[in-house]
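structure.tsv (TSV, C-alpha atoms)
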chain	number	residue	atom	x	y	z
A	1	MET	CA	44.03	65.08	-27.76
A	2	SER	CA	46.41	63.03	-25.60
A	3	LEU	CA	47.69	59.69	-26.83
A	4	LEU	CA	45.72	57.91	-24.09
A	5	ASP	CA	42.52	59.57	-25.26
A	6	LYS	CA	43.37	58.81	-28.88
A	7	PHE	CA	43.64	55.11	-28.08
A	8	GLY	CA	40.98	55.03	-25.41
A	9	ILE	CA	43.25	53.44	-22.77
A	10	ARG	CA	43.96	54.28	-19.12
A	11	HIS	CA	47.70	53.70	-18.86
A	12	PRO	CA	50.59	54.70	-21.18
A	13	ILE	CA	51.76	51.09	-21.40
A	14	PHE	CA	51.82	49.15	-24.67
A	15	LEU	CA	52.54	45.45	-25.01
A	16	ALA	CA	55.16	44.94	-27.70
A	17	PRO	CA	53.76	42.87	-30.59
A	18	MET	CA	56.06	39.85	-30.44
A	19	ALA	CA	55.58	37.47	-33.35
A	20	GLY	CA	55.58	33.87	-32.16
A	21	VAL	CA	55.20	34.86	-28.51
A	22	SER	CA	52.12	37.09	-28.32
A	23	THR	CA	48.72	35.45	-27.89
A	24	PRO	CA	45.12	36.67	-27.84
A	25	GLU	CA	45.04	35.86	-24.12
A	26	LEU	CA	48.09	38.01	-23.32
A	27	ALA	CA	46.85	40.84	-25.53
A	28	ALA	CA	43.45	40.79	-23.84
A	29	GLU	CA	44.92	40.74	-20.33
A	30	VAL	CA	46.99	43.84	-21.04
A	31	SER	CA	44.07	45.65	-22.68
A	32	ASN	CA	41.62	44.69	-19.93
A	33	GLN	CA	44.03	46.13	-17.37
A	34	GLY	CA	44.09	49.51	-19.11
A	35	GLY	CA	47.14	49.18	-21.36
A	36	LEU	CA	47.26	48.52	-25.09
A	37	GLY	CA	47.50	44.81	-25.87
A	38	SER	CA	49.01	43.58	-29.10
A	39	LEU	CA	49.25	40.74	-31.56
A	40	GLY	CA	52.47	40.14	-33.49
A	41	LEU	CA	51.14	38.81	-36.79
A	42	GLY	CA	54.19	39.24	-39.03
A	43	ALA	CA	54.86	35.48	-39.06
A	44	SER	CA	51.20	34.48	-39.48
A	45	THR	CA	49.17	33.43	-42.47
A	46	ILE	CA	46.11	35.53	-43.24
A	47	GLN	CA	43.86	32.78	-41.84
A	48	LYS	CA	45.88	32.47	-38.63
A	49	ALA	CA	45.96	36.25	-38.24
A	50	ARG	CA	42.17	36.40	-38.63
A	51	GLU	CA	41.70	33.73	-35.98
A	52	GLU	CA	43.92	35.57	-33.51
A	53	ILE	CA	42.24	38.93	-34.06
A	54	LEU	CA	38.75	37.46	-33.68
A	55	LYS	CA	39.81	35.53	-30.57
A	56	THR	CA	41.22	38.69	-29.00
A	57	GLN	CA	37.99	40.52	-29.76
A	58	GLU	CA	36.13	37.75	-27.95
A	59	LEU	CA	38.34	38.15	-24.88
A	60	THR	CA	38.27	41.95	-24.63
A	61	ASP	CA	36.17	44.89	-25.74
A	62	GLN	CA	39.12	47.19	-25.11
A	63	PRO	CA	41.51	48.56	-27.78
A	64	PHE	CA	44.52	46.57	-29.01
A	65	GLN	CA	47.03	46.78	-31.85
A	66	VAL	CA	48.08	44.32	-34.52
A	67	ASN	CA	51.54	44.31	-36.07
A	68	PHE	CA	52.95	43.31	-39.45
A	69	PHE	CA	56.35	43.24	-41.14
A	70	CYS	CA	57.02	45.72	-43.96
A	71	HIS	CA	60.34	44.41	-45.27
A	72	GLU	CA	61.27	44.61	-48.92
A	73	THR	CA	60.91	41.07	-50.22
A	74	GLU	CA	64.13	40.04	-51.96
A	75	ALA	CA	65.00	37.23	-54.34
A	76	LEU	CA	67.25	34.58	-52.86
A	77	ASP	CA	70.91	34.80	-53.88
A	78	ALA	CA	71.57	31.12	-54.59
A	79	GLU	CA	75.36	31.35	-54.23
A	80	ILE	CA	75.18	33.06	-50.83
A	81	ALA	CA	72.49	30.61	-49.73
A	82	GLN	CA	74.46	27.50	-50.66
A	83	LYS	CA	77.60	28.70	-48.90
A	84	TRP	CA	75.53	29.54	-45.82
A	85	ILE	CA	73.84	26.12	-45.83
A	86	ALA	CA	77.10	24.23	-46.37
A	87	GLN	CA	78.71	25.54	-43.19
A	88	PHE	CA	76.00	23.77	-41.17
A	89	ASP	CA	76.46	20.31	-42.71
A	90	SER	CA	78.35	18.93	-39.73
A	91	VAL	CA	76.08	20.68	-37.23
A	92	PHE	CA	72.95	19.10	-38.67
A	93	ALA	CA	74.79	15.76	-38.87
A	94	SER	CA	75.65	15.94	-35.17
A	95	PHE	CA	71.91	15.98	-34.49
A	96	GLY	CA	71.21	13.11	-36.90
A	97	SER	CA	69.70	15.39	-39.51
A	98	HIS	CA	70.44	17.04	-42.86
A	99	PRO	CA	70.44	20.72	-43.82
A	100	PRO	CA	67.86	21.94	-46.33
A	101	SER	CA	68.83	21.95	-50.00
A	102	THR	CA	67.48	25.47	-50.43
A	103	LEU	CA	65.92	28.22	-48.31
A	104	ASN	CA	62.34	29.47	-48.39
A	105	CYS	CA	60.83	32.91	-47.95
A	106	ILE	CA	58.84	31.88	-44.88
A	107	TYR	CA	57.38	35.28	-43.94
A	108	PRO	CA	55.53	37.51	-46.41
A	109	SER	CA	55.64	41.29	-46.21
A	110	PHE	CA	52.53	43.39	-45.66
A	111	LYS	CA	53.63	45.19	-48.82
A	112	ASP	CA	53.59	42.09	-51.04
A	113	ASN	CA	49.83	42.30	-51.61
A	114	ASP	CA	46.71	43.67	-49.92
A	115	GLY	CA	45.68	40.44	-48.20
A	116	PHE	CA	46.67	41.57	-44.71
A	117	LEU	CA	45.37	45.09	-45.39
A	118	ASN	CA	41.95	43.71	-46.29
A	119	LEU	CA	41.97	41.61	-43.12
A	120	VAL	CA	42.65	44.69	-40.98
A	121	LEU	CA	39.92	46.64	-42.77
A	122	GLU	CA	37.54	43.73	-42.20
A	123	THR	CA	38.27	43.17	-38.49
A	124	ARG	CA	38.91	46.82	-37.51
A	125	PRO	CA	41.37	46.64	-34.59
A	126	LYS	CA	42.02	49.99	-32.93
A	127	ALA	CA	45.54	50.29	-34.30
A	128	VAL	CA	48.01	48.64	-36.66
A	129	SER	CA	51.78	48.94	-36.36
A	130	PHE	CA	54.58	48.11	-38.78
A	131	HIS	CA	58.16	46.93	-38.43
A	132	PHE	CA	61.05	47.13	-40.95
A	133	GLY	CA	59.57	49.96	-42.99
A	134	LEU	CA	56.51	51.76	-44.31
A	135	PRO	CA	53.45	50.29	-46.04
A	136	HIS	CA	52.57	51.46	-49.53
A	137	PRO	CA	50.89	54.90	-49.71
A	138	HIS	CA	47.57	53.39	-50.80
A	139	GLN	CA	47.67	51.04	-47.81
A	140	ILE	CA	48.30	53.90	-45.39
A	141	GLN	CA	45.45	55.89	-46.91
A	142	ALA	CA	43.04	52.96	-46.69
A	143	LEU	CA	43.83	52.53	-43.00
A	144	LYS	CA	43.41	56.24	-42.33
A	145	ASP	CA	40.10	56.30	-44.21
A	146	ALA	CA	38.92	53.44	-41.98
A	147	GLY	CA	39.85	55.37	-38.83
A	148	ILE	CA	42.51	52.85	-37.79
A	149	ILE	CA	45.49	54.36	-35.96
A	150	THR	CA	48.81	53.69	-37.72
A	151	MET	CA	52.22	53.29	-36.05
A	152	VAL	CA	55.68	52.49	-37.43
A	153	SER	CA	58.95	51.67	-35.64
A	154	ALA	CA	61.86	54.09	-36.09
A	155	THR	CA	65.41	53.31	-34.99
A	156	ASN	CA	66.93	56.62	-36.07
A	157	LEU	CA	65.96	60.19	-36.91
A	158	ALA	CA	65.82	59.68	-40.69
A	159	GLU	CA	63.30	56.86	-40.28
A	160	ALA	CA	61.22	58.96	-37.89
A	161	ARG	CA	61.11	61.79	-40.41
A	162	ALA	CA	60.09	59.38	-43.18
A	163	ILE	CA	57.32	58.02	-40.96
A	164	GLU	CA	55.98	61.51	-40.30
A	165	ALA	CA	56.18	62.47	-43.98
A	166	ALA	CA	54.20	59.36	-44.92
A	167	GLY	CA	51.21	60.42	-42.84
A	168	ILE	CA	51.57	57.82	-40.10
A	169	ASP	CA	49.93	58.72	-36.76
A	170	VAL	CA	52.48	57.55	-34.16
A	171	ILE	CA	56.24	56.91	-34.08
A	172	ILE	CA	57.51	53.95	-32.07
A	173	ALA	CA	61.04	54.95	-31.10
A	174	GLN	CA	62.89	51.63	-30.85
A	175	GLY	CA	66.24	51.93	-29.10
A	176	ILE	CA	69.17	49.56	-29.47
A	177	GLU	CA	68.29	48.01	-26.09
A	178	ALA	CA	65.08	46.46	-27.47
A	179	GLY	CA	64.71	42.71	-27.67
A	180	GLY	CA	63.86	41.00	-30.93
A	181	HIS	CA	64.29	42.40	-34.40
A	182	ARG	CA	65.62	45.86	-35.01
A	183	GLY	CA	63.07	47.86	-36.97
A	184	ILE	CA	65.70	49.28	-39.33
A	185	PHE	CA	64.43	50.13	-42.81
A	186	ASN	CA	67.81	49.48	-44.44
A	187	THR	CA	69.75	46.40	-43.28
A	188	LYS	CA	73.04	47.81	-44.56
A	189	PHE	CA	73.41	50.13	-41.58
A	190	ASP	CA	72.06	50.61	-38.09
A	191	ALA	CA	72.50	53.87	-36.16
A	192	SER	CA	72.17	51.89	-32.88
A	193	VAL	CA	70.75	54.81	-30.90
A	194	LYS	CA	69.86	54.26	-27.24
A	195	THR	CA	66.18	54.60	-26.41
A	196	ASN	CA	66.44	57.75	-24.31
A	197	ASN	CA	68.58	59.53	-26.92
A	198	LEU	CA	66.24	58.44	-29.73
A	199	VAL	CA	63.25	59.87	-27.87
A	200	ARG	CA	65.10	63.16	-27.46
A	201	LEU	CA	65.99	63.26	-31.15
A	202	VAL	CA	62.50	62.45	-32.39
A	203	LYS	CA	60.95	64.90	-29.93
A	204	GLN	CA	63.25	67.65	-31.19
A	205	TYR	CA	62.72	67.13	-34.91
A	206	CYS	CA	59.25	65.58	-35.28
A	207	SER	CA	55.80	66.54	-34.07
A	208	LEU	CA	54.12	63.11	-33.94
A	209	PRO	CA	53.39	61.35	-30.63
A	210	ILE	CA	56.21	59.04	-29.53
A	211	VAL	CA	55.98	55.57	-27.99
A	212	ALA	CA	59.35	54.55	-26.53
A	213	ALA	CA	60.54	50.95	-26.81
A	214	GLY	CA	63.77	49.30	-25.71
A	215	GLY	CA	65.17	48.26	-22.34
A	216	ILE	CA	62.16	49.35	-20.27
A	217	MET	CA	61.47	46.82	-17.53
A	218	ASN	CA	60.00	48.80	-14.63
A	219	GLY	CA	57.98	51.90	-13.86
A	220	MET	CA	60.96	54.01	-12.84
A	221	GLN	CA	62.55	53.49	-16.26
A	222	ALA	CA	59.20	54.21	-17.89
A	223	ARG	CA	58.79	57.43	-15.95
A	224	GLU	CA	62.25	58.60	-17.01
A	225	ILE	CA	61.43	58.02	-20.68
A	226	LEU	CA	58.04	59.71	-20.39
A	227	ASP	CA	59.71	62.74	-18.82
A	228	LEU	CA	61.93	62.98	-21.91
A	229	GLY	CA	58.91	63.45	-24.17
A	230	ALA	CA	57.47	60.02	-24.96
A	231	GLU	CA	53.72	59.74	-24.45
A	232	ALA	CA	53.77	55.99	-23.80
A	233	VAL	CA	56.19	53.11	-23.37
A	234	GLN	CA	56.18	49.72	-25.08
A	235	LEU	CA	57.44	46.64	-23.22
A	236	GLY	CA	58.00	43.17	-24.62
A	237	THR	CA	60.64	41.22	-22.71
A	238	ALA	CA	58.96	41.97	-19.38
A	239	PHE	CA	55.81	40.16	-20.55
A	240	VAL	CA	57.39	37.10	-22.21
A	241	GLN	CA	57.50	35.24	-18.89
A	242	CYS	CA	53.72	35.60	-18.39
A	243	LYS	CA	51.88	32.27	-18.44
A	244	THR	CA	49.66	33.49	-21.29
A	245	SER	CA	52.59	34.16	-23.61
A	246	ASN	CA	53.52	31.50	-26.15
A	247	ALA	CA	57.10	31.17	-24.90
A	248	ASN	CA	58.15	27.59	-24.22
A	249	GLU	CA	59.61	26.38	-20.92
A	250	TYR	CA	63.21	26.69	-22.12
A	251	TYR	CA	62.67	30.29	-23.19
A	252	ARG	CA	61.13	31.13	-19.81
A	253	LYS	CA	63.93	29.43	-17.89
A	254	ALA	CA	66.52	31.28	-19.95
A	255	LEU	CA	64.85	34.62	-19.23
A	256	LEU	CA	64.75	33.95	-15.50
A	257	SER	CA	68.45	32.99	-15.33
A	258	LYS	CA	69.55	36.66	-15.54
A	259	PRO	CA	70.83	36.28	-19.10
A	260	LEU	CA	73.07	38.48	-21.20
A	261	THR	CA	71.91	39.49	-24.67
A	262	GLN	CA	73.52	40.47	-27.94
A	263	VAL	CA	72.39	41.48	-31.42
A	264	THR	CA	72.88	39.00	-34.27
A	265	ALA	CA	71.74	38.78	-37.88
A	266	SER	CA	72.76	35.14	-38.17
A	267	ILE	CA	69.44	33.73	-36.97
A	268	SER	CA	67.08	35.47	-39.36
A	269	GLY	CA	69.11	37.58	-41.76
A	270	ARG	CA	68.15	40.78	-39.94
A	271	PRO	CA	69.74	42.16	-36.76
A	272	ALA	CA	67.84	41.06	-33.64
A	273	ARG	CA	68.70	41.05	-29.93
A	274	GLY	CA	68.42	37.77	-28.08
A	275	ILE	CA	69.86	35.69	-25.28
A	276	ILE	CA	73.44	34.69	-26.11
A	277	ASN	CA	73.66	31.14	-27.45
A	278	HIS	CA	75.40	29.12	-30.19
A	279	TRP	CA	74.60	31.71	-32.85
A	280	HIS	CA	76.52	34.40	-31.01
A	281	THR	CA	79.40	32.27	-29.78
A	282	ASP	CA	79.95	29.88	-32.71
A	283	ILE	CA	78.58	31.53	-35.85
A	284	ASP	CA	79.18	35.26	-35.31
A	285	THR	CA	82.94	35.04	-35.75
A	286	PRO	CA	84.93	37.92	-37.28
A	287	ASN	CA	85.10	36.05	-40.61
A	288	ARG	CA	81.44	35.02	-40.68
A	289	LEU	CA	80.00	34.33	-44.11
A	290	ASP	CA	77.45	36.69	-45.63
A	291	ALA	CA	73.98	35.60	-44.52
A	292	PRO	CA	71.15	35.27	-47.03
A	293	ALA	CA	68.46	37.92	-46.98
A	294	TYR	CA	65.64	37.92	-44.44
A	295	PRO	CA	63.65	35.72	-43.98
A	296	TYR	CA	65.50	33.00	-45.93
A	297	THR	CA	68.18	32.77	-43.23
A	298	TYR	CA	65.45	32.28	-40.65
A	299	ASP	CA	64.26	29.20	-42.53
A	300	LEU	CA	67.55	27.42	-41.85
A	301	ALA	CA	67.68	28.61	-38.23
A	302	LYS	CA	64.24	27.21	-37.51
A	303	ARG	CA	65.12	23.86	-39.08
A	304	LEU	CA	68.36	23.68	-37.13
A	305	HIS	CA	66.63	24.56	-33.87
A	306	ALA	CA	64.01	21.87	-34.52
A	307	ALA	CA	66.71	19.25	-35.12
A	308	ALA	CA	68.83	20.34	-32.14
A	309	SER	CA	65.97	20.62	-29.69
A	310	LYS	CA	64.89	17.05	-30.43
A	311	GLN	CA	68.32	16.04	-29.13
A	312	GLY	CA	68.00	18.24	-26.05
A	313	ASP	CA	70.08	21.18	-27.31
A	314	GLN	CA	68.21	24.49	-27.07
A	315	GLY	CA	71.21	26.58	-28.07
A	316	TYR	CA	69.96	27.31	-31.57
A	317	GLY	CA	66.64	28.80	-30.48
A	318	ALA	CA	65.65	32.40	-31.12
A	319	PHE	CA	65.12	33.52	-27.55
A	320	TRP	CA	64.62	37.22	-28.19
A	321	ALA	CA	65.14	39.50	-25.19
A	322	GLY	CA	66.10	43.08	-24.43
A	323	SER	CA	69.33	44.31	-22.85
A	324	ASN	CA	67.76	44.55	-19.39
A	325	ALA	CA	66.37	41.01	-19.40
A	326	ALA	CA	68.14	40.29	-16.10
A	327	MET	CA	65.63	42.66	-14.45
A	328	ILE	CA	62.65	40.51	-15.44
A	329	ARG	CA	60.05	39.79	-12.74
A	330	GLU	CA	57.75	36.79	-12.42
A	331	LEU	CA	54.40	38.56	-12.62
A	332	GLU	CA	51.31	37.84	-14.65
A	333	ALA	CA	50.19	40.52	-17.09
A	334	ALA	CA	47.55	42.23	-14.93
A	335	ASP	CA	49.86	42.31	-11.90
A	336	LEU	CA	52.74	43.59	-14.00
A	337	ILE	CA	50.62	46.44	-15.37
A	338	ASN	CA	49.53	47.37	-11.84
A	339	GLN	CA	53.12	47.25	-10.59
A	340	LEU	CA	54.34	49.41	-13.46
A	341	VAL	CA	51.65	52.00	-12.79
A	342	LEU	CA	52.51	52.14	-9.09
A	343	GLU	CA	56.20	52.56	-9.88
A	344	MET	CA	55.49	55.25	-12.45
A	345	MET	CA	53.57	57.24	-9.84
A	346	SER	CA	56.14	56.93	-7.06
Entire entry expressed as structure tokens:
Amino acid sequence: MSLLDKFGIRHPIFLAPMAGVSTPELAAEVSNQGGLGSLGLGASTIQKAREEILKTQELTDQPFQVNFFCHETEALDAEIAQKWIAQFDSVFASFGSHPPSTLNCIYPSFKDNDGFLNLVLETRPKAVSFHFGLPHPHQIQALKDAGIITMVSATNLAEARAIEAAGIDVIIAQGIEAGGHRGIFNTKFDASVKTNNLVRLVKQYCSLPIVAAGGIMNGMQAREILDLGAEAVQLGTAFVQCKTSNANEYYRKALLSKPLTQVTASISGRPARGIINHWHTDIDTPNRLDAPAYPYTYDLAKRLHAAASKQGDQGYGAFWAGSNAAMIRELEAADLINQLVLEMMS
């Protein structure tokens, strides 16, 4: 069975599940146009996640995926945290604010308990995908028993092999060009493989279907990746500018200014590619302090962005974007899907 038949969709185009940016409206528009819509729920509470899934199901009767984070929850290293916080004293002060006294674990992992699993089993979306690692074996089995398609991001061959060995259905091959968080299982190293090379590697050594993600902005690029062995492509940055995304006006303007991007771990504690701003130019110096673990670091970044933005400075925002963000086009979701399909056929 082809991947399109497996999902019940017309086009090999997936919307990347972007936490904080994806909406039920955007997911539904992509699904209704024949692609696979998505909800990025890794930063949501169980109640908020339920509301978004149910809203999406109201807006479309077509398949869509939901996505969760599978990081290993770590205890906060107080010494590292205090040193990290202290370096921002003057920055917060310049915006008439104060840094937090400690950092909070603002995002739970799917692995922490079965709350999100039970929600997925209750609402039955077509597919569920995971970032930063694998769910527990009993969670994978429960999803398989329910007939829900499972997908996990791989950034290198070892991760892809682990995904296949765990009984997951689909590998999302996330190249270094991808916007947002790297899906690396282990934050101590990143193979940084380009999308096309990663697809070749996974195709050579694994037998699971591959969805390619990273740097894909038009149908010609998609066609090239599909010809290498991927069965579908996943795009995120290209859809952020859509009116139905949750991106604010500053994020949209930044995307449309032909920006440059770079990977940083200083915003969240995990490597992520975004539009170059204060984090890249001021914080990511060669002698940068060790950042606290994810998502504690993100807690400070969000507070700093809130304080700075009130004073008109958007330079501490997390404006995630892929390496080809300068190729973004101002098209709404349905039109973008249609344009991609035409380009893929030409």
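Going from atom CA of Thr187 of chain A over to atom CA of Phe239 of chain A, you cover 27.4 Å.
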Fewer than 6 positions away in the same chain doesn't count, so skip those; otherwise give me all residues within 10 Å of Leu226 of chain A, counting all atoms listed in the file, as a PyMOL selection string.
chain A and resi 12+196+199+210-212+220+232-233+344
If you count only C-alpha atoms, which residues fall within 8 Å of segment 120-126 of chain A, apart from same-chain ones fewer than 6 positions away, as a ChimeraX atom specification?
/A:7,50,53-54,63-66,143,146,148-149
For His71 of chain A: contacts at 7 Å, all atoms listed in the file, fewer than 4 positions along chain excluded, given as a ChimeraX atom specification
/A:109,132-133
Pull the closest atom pair for each residue of segment 157-267 of chain A that gets at most 8 Å from segment 14-36 of chain A, along with the distance in Å to one decimal, counting all atoms listed in the file, ordering rows by chain and then ascending residue number, as a Markdown table.
| residue | atom | partner | partner_atom | distance |
| --- | --- | --- | --- | --- |
| A:Gly180 | CA | A:Met18 | CA | 7.9 |
| A:Ala232 | CA | A:Phe14 | CA | 7.2 |
| A:Val233 | CA | A:Phe14 | CA | 6.0 |
| A:Gln234 | CA | A:Phe14 | CA | 4.4 |
| A:Leu235 | CA | A:Ala16 | CA | 5.3 |
| A:Gly236 | CA | A:Ala16 | CA | 4.5 |
| A:Phe239 | CA | A:Leu15 | CA | 7.7 |
| A:Val240 | CA | A:Val21 | CA | 7.0 |
| A:Cys242 | CA | A:Leu26 | CA | 7.9 |
| A:Thr244 | CA | A:Leu26 | CA | 5.2 |
| A:Ser245 | CA | A:Ser22 | CA | 5.6 |
| A:Asn246 | CA | A:Val21 | CA | 4.4 |
| A:Ala247 | CA | A:Val21 | CA | 5.5 |
Sort by chain and increasing residue number a table of all residues of segment 258-325 of chain A within 10 Å of segment 77-83 of chain A, each with its closest pair of atoms and their distance in Å to one decimal, counting only C-alpha atoms, and write it as JSON lines.
{"residue": "A:Leu289", "atom": "CA", "partner": "A:Lys83", "partner_atom": "CA", "distance": 7.8}
{"residue": "A:Asp290", "atom": "CA", "partner": "A:Ile80", "partner_atom": "CA", "distance": 6.7}
{"residue": "A:Ala291", "atom": "CA", "partner": "A:Ile80", "partner_atom": "CA", "distance": 6.9}
{"residue": "A:Pro292", "atom": "CA", "partner": "A:Ala81", "partner_atom": "CA", "distance": 5.5}
{"residue": "A:Ala293", "atom": "CA", "partner": "A:Asp77", "partner_atom": "CA", "distance": 8.0}
{"residue": "A:Tyr296", "atom": "CA", "partner": "A:Ala81", "partner_atom": "CA", "distance": 8.3}
{"residue": "A:Thr297", "atom": "CA", "partner": "A:Ala81", "partner_atom": "CA", "distance": 8.1}
{"residue": "A:Leu300", "atom": "CA", "partner": "A:Ala81", "partner_atom": "CA", "distance": 9.8}
Distance in Å - atom CA of Ser268 of chain A versus atom CA of Asp299 of chain A
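Between atom CA of Ser268 of chain A and atom CA of Asp299 of chain A the gap is 7.6 Å.
Between Met217 of chain A and the candidates A:Arg252, A:Arg329, A:Lys55, A:Lys6, the tightest atom-to-atom separation, counting only C-alpha atoms, involves A:Arg329.
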Can you work out which one of A:Glu224, A:Ser207, A:Val152, A:Gly315 has the shortest atom-to-atom distance to Thr281 of chain A, counting only C-alpha atoms?
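Of A:Glu224, A:Ser207, A:Val152, A:Gly315, the one nearest Thr281 of chain A, counting only C-alpha atoms, is A:Gly315.
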Find the distance between atom CA of Glu58 of chain A and atom CA of Phe130 of chain A and write it in Å to one decimal.
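So the answer is 23.8 Å.
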Contacts of Arg288 of chain A at 12 Å (all atoms listed in the file; same-chain gap of 4+ positions) as a list in words:
Lys83, Trp84, Gln87, Thr264, Ala265, Ser266, Trp279, His280, Thr281, Asp282, Ile283 and Asp284 of chain A
Taking 2 positions as the minimum chain separation for residues in the same chain, which residues sit within 10 Å of His136 of chain A when counting only C-alpha atoms? Answer as a count of residues only.
13
In terms of the shortest atom-to-atom distance over only C-alpha atoms, which of A:Ser2, A:Asn186, A:Ser38, A:Asn118 is closest to Tyr294 of chain A?
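Nearest to Tyr294 of chain A: A:Asn186.
Distances here use only C-alpha atoms; by that measure, the residue among A:Ala325, A:Gly115, A:Pro295, A:Tyr250 closest to Gly214 of chain A is A:Ala325.
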When distances are computed from all atoms listed in the file, which of A:His278, A:Lys253, A:Arg182, A:Arg161 shows the smallest separation from Ala308 of chain A?
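Using all atoms listed in the file, Ala308 of chain A sits closest to A:His278.
The closest residue to Val128 of chain A, picked from A:Ala49, A:Leu59, A:Ala321, A:Leu39 and counting all atoms listed in the file, is A:Leu39.
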Can you find the residues with an atom no farther than 9 Å from (65.9, 64.1, -24.3), counting all atoms listed in the file, and report them as a PyMOL selection string?
chain A and resi 196-204+225+227-229
